[in-house]
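Engineer: I have a structure here, written as structure tokens, and I will follow up with some questions on it.
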Amino acid sequence: MLRPTRRIASKAPRAAIATTLFAALTLISGVHAGMAETFAYVGNADSNDISVFKMTASGEMTPVQTAAFKGVEKPGSSTPLAITPDHRVLIAGIRSQPYLAVSFAIDPKTGQLSHIGNGPLADSMANIAVDHSGKFLFSASYGGNKVALNPLLANGVAGEPKQVIPTGLNAHAFLPSPDNRFAFATNLGSDQVLSFAFDVTAGTLTPSDPPTHKVPEKSGPRHFVFHPGGKFVYLLHELNGDVAAFTYEAKSGAWDEIQRTTALPEGFSGKPWAADIHITPDGRFLYASERTTNTLTAYKVDATSGRLTTIGSVPTEKQPRGFNVDPSGRYLAAVGELADSMTVYGIDQSSGALAKLKSYPTGKKPNWVEFLNLP
């Protein structure tokens, strides 16, 4: 026969219970205290500096530093930025003479920048990127029609260029493939994408076979981004506003176009002037900026086919040359070259639609945004 259960009173002293509860709360708060913090870095061309912001979980930005470029006097036309894979060094490309890569150490606790040193660049570089090993710096010169490869010294400062390669007209972006075996460079004025085999051990670039991928005439291929899954590439064209989707074959480095859509908002009239393109870390949503209309256009990405469905466009900063998505995929920050400010948007996690949250002042002529989680 089942006997009725009897509640047994705890004999533990109240002080012990309180101690246990306090320990549990301390553990929980410790977990939160140890969570990664997010920082945003904005390159400002005319003020020759970087605006550093700390971002909260709700998307609020707090300015924490303005880091000046030491040894730089004249402003360049833009300020491309790159962060090393180990998150220890931020590099800024200086587009005024003497052409420099300015390296900063990133404080792992505060996110603030400390100048390490300056290294030489082969020309005025519109774009810089660090390879996935963290040992080399890629750069592309729009006016010089060339790309270059610089070794990075142990302290994160760029050494003398190891290779300088002539290209077609207006090299604009130069990025490594996800597996670091290839590197690709857009030639905006020659309507082509160059392909190189990249030997990270030797630190050398060799033209692929075939060495170029042609795109439609006068489309102006500018920036591109790989899908996080590594199977697709998305290429933005400055001169006609096209966004092209490609399958990507990792073994050969081949691009195969599967779709072409637009970054231009509905009812557009005028001369297209598309600028930047980024994808969320989970690969579900893609965004592109267009400077004639001062808009951001959002797309939903089909995970299986890689094809895009346009979500819609929203107004943004004046002349939105640069923007980026934060590491959580919940926020987007866009800067305006003619507004000297940055606007943060919330990304709807279901639809991918953008909702404006708040704007913040930056330095003069902001044109590049990099996000980083620390530690």
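Ligands are numbered from 1 in the order shown, residues from 1 within each chain, and chains are lettered A, B, ... in the order they appear in the structure tokens.
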If we count only C-alpha atoms, what is near segment 151-165 of chain A at a cut-off of 9 Å, once residues fewer than 4 positions away on the same chain are taken out, given as a tab-separated table (two decimals) with C-alpha atoms, in the first residue's frame?

Structural biologist:
chain	number	residue	atom	x	y	z
A	84	THR	CA	43.70	40.36	-38.45
A	88	ARG	CA	44.90	41.65	-32.23
A	89	VAL	CA	45.64	44.24	-34.95
A	90	LEU	CA	43.61	46.72	-37.01
A	91	ILE	CA	45.19	48.08	-40.21
A	100	LEU	CA	50.93	53.68	-45.87
A	101	ALA	CA	49.36	50.83	-43.97
A	102	VAL	CA	48.91	52.12	-40.41
A	103	SER	CA	48.75	49.34	-37.80
A	104	PHE	CA	47.09	49.57	-34.38
A	105	ALA	CA	47.08	47.08	-31.51
A	116	ILE	CA	52.17	50.15	-33.49
A	117	GLY	CA	53.79	51.41	-36.67
A	118	ASN	CA	53.42	52.22	-40.36
A	119	GLY	CA	54.33	50.06	-43.35
A	120	PRO	CA	54.56	50.84	-47.09
A	121	LEU	CA	51.77	50.30	-49.62
A	122	ALA	CA	52.47	50.00	-53.34
A	130	VAL	CA	44.22	40.27	-44.41
A	134	GLY	CA	47.08	36.56	-40.74
A	135	LYS	CA	50.47	36.64	-42.47
A	136	PHE	CA	49.72	38.73	-45.57
A	137	LEU	CA	47.93	41.92	-46.58
A	145	ASN	CA	45.38	49.56	-61.89
A	146	LYS	CA	47.23	47.03	-59.75
A	147	VAL	CA	47.00	44.66	-56.81
A	203	GLY	CA	53.57	33.94	-50.06
A	204	THR	CA	52.97	34.11	-53.82
A	205	LEU	CA	50.11	34.82	-56.22

Engineer: Please measure the separation of atom CA of Val243 of chain A and atom CA of Leu308 of chain A, giving the value in Å to one decimal.

Structural biologist: 9.3 Å

Engineer: Check the smallest atom-to-atom distance from each of A:Ser219, A:Asn44, A:Ser328, A:Thr297 to Phe69 of chain A using only C-alpha atoms, then report the winner.

Structural biologist: A:Asn44

Engineer: Please provide as a VMD selection string all residues within 7 Å of Glu317 of chain A, with the sequence filter that same-chain residues fewer than 3 positions apart are discarded (counting only C-alpha atoms).

Structural biologist: chain A and resid 294 320 334 to 336 339 343

Engineer: When you count only C-alpha atoms, which of these residues is closest to Gly229 of chain A: A:Gln259, A:Gln192, A:Thr186, A:Ser177?

Structural biologist: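 So, comparing all the options, the nearest one is A:Ser177.
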
Engineer: Can you tell me, as a list in words, what residues are no more than 7 Å from Ala129 of chain A when counting only C-alpha atoms, ignoring any on the same chain fewer than 6 positions away?

Structural biologist: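 Once the nearby chain positions are removed, what remains is Ala82, Leu137, Phe138, Ser139 and Leu175 of chain A.
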
Engineer: Atom CA of Thr304 of chain A and atom CA of Phe226 of chain A, how far apart in Å?

Structural biologist: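 Computed distance, atom CA of Phe226 of chain A to atom CA of Thr304 of chain A, equals 14.7 Å.
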
Engineer: Could you pull out all residues of segment 16-130 of chain A with a DSSP call of helix (DSSP H, G or I) and give them as a list in words?

Structural biologist: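 Those in segment 16-130 of chain A that DSSP calls helix (DSSP H, G or I) are Ala16, Ile17, Ala18, Thr19, Thr20, Leu21, Phe22, Ala23, Ala24, Leu25, Thr26, Leu27, Ile28, Ser29, Gly30, Val31, His32 and Ala33 of chain A.
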
Engineer: Would you list, as a PyMOL selection string, the residues of segment 4-173 of chain A that end up in strand (DSSP E) under DSSP run on this structure's backbone?

Structural biologist: chain A and resi 37-44+49-55+61-68+81-83+89-94+100-106+113-120+127-130+136-141+146-151+163-166+171-173

Engineer: Go through segment 89-140 of chain A residue by residue and, counting only C-alpha atoms, keep those with an atom at most 12 Å from segment 50-57 of chain A; for each kept residue give the shortest atom pair and its distance in Å to one decimal, ordered by chain and increasing number, as JSON lines.

Structural biologist:
{"residue": "A:Leu90", "atom": "CA", "partner": "A:Ile50", "partner_atom": "CA", "distance": 10.3}
{"residue": "A:Ile91", "atom": "CA", "partner": "A:Ile50", "partner_atom": "CA", "distance": 10.6}
{"residue": "A:Ala92", "atom": "CA", "partner": "A:Ile50", "partner_atom": "CA", "distance": 8.8}
{"residue": "A:Gly93", "atom": "CA", "partner": "A:Ile50", "partner_atom": "CA", "distance": 11.5}
{"residue": "A:Ile94", "atom": "CA", "partner": "A:Ile50", "partner_atom": "CA", "distance": 11.9}
{"residue": "A:Val102", "atom": "CA", "partner": "A:Ile50", "partner_atom": "CA", "distance": 11.1}
{"residue": "A:Ser103", "atom": "CA", "partner": "A:Ile50", "partner_atom": "CA", "distance": 11.7}
{"residue": "A:Phe104", "atom": "CA", "partner": "A:Ile50", "partner_atom": "CA", "distance": 10.5}
{"residue": "A:Ile106", "atom": "CA", "partner": "A:Val52", "partner_atom": "CA", "distance": 10.8}
{"residue": "A:Asp107", "atom": "CA", "partner": "A:Val52", "partner_atom": "CA", "distance": 11.8}
{"residue": "A:Lys109", "atom": "CA", "partner": "A:Lys54", "partner_atom": "CA", "distance": 11.2}
{"residue": "A:Thr110", "atom": "CA", "partner": "A:Lys54", "partner_atom": "CA", "distance": 8.6}
{"residue": "A:Gly111", "atom": "CA", "partner": "A:Lys54", "partner_atom": "CA", "distance": 7.8}
{"residue": "A:Gln112", "atom": "CA", "partner": "A:Val52", "partner_atom": "CA", "distance": 7.0}
{"residue": "A:Leu113", "atom": "CA", "partner": "A:Val52", "partner_atom": "CA", "distance": 8.3}
{"residue": "A:Ser114", "atom": "CA", "partner": "A:Ile50", "partner_atom": "CA", "distance": 11.4}
{"residue": "A:His115", "atom": "CA", "partner": "A:Ile50", "partner_atom": "CA", "distance": 11.5}

Engineer: Point out the residue among A:Asp86, A:Arg330, A:Asp46, A:Thr293 with the least atom-to-atom distance to Pro315 of chain A, counting only C-alpha atoms.

Structural biologist: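 Comparing A:Asp86, A:Arg330, A:Asp46, A:Thr293 against Pro315 of chain A, the winner is A:Thr293.
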
Engineer: Would you pick out the contacts of Thr292 of chain A at 7 Å or less, using only C-alpha atoms, so that residues sharing its chain but fewer than 2 positions from it are not included, and give the list as a ChimeraX atom specification?

Structural biologist: /A:272-273,290,294

Engineer: Could you tell me how far atom CA of Phe224 of chain A lies from atom CA of Asn170 of chain A, in Å and to one decimal?

Structural biologist: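 Taking atom CA of Phe224 of chain A and atom CA of Asn170 of chain A, their separation equals 15.0 Å.
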
Engineer: Looking at only C-alpha atoms, which of A:Gly241, A:Pro281, A:Pro375, A:Gly363 is the one that sits closest to Asp326 of chain A?

Structural biologist: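 The answer is A:Pro281, which sits nearest to Asp326 of chain A.
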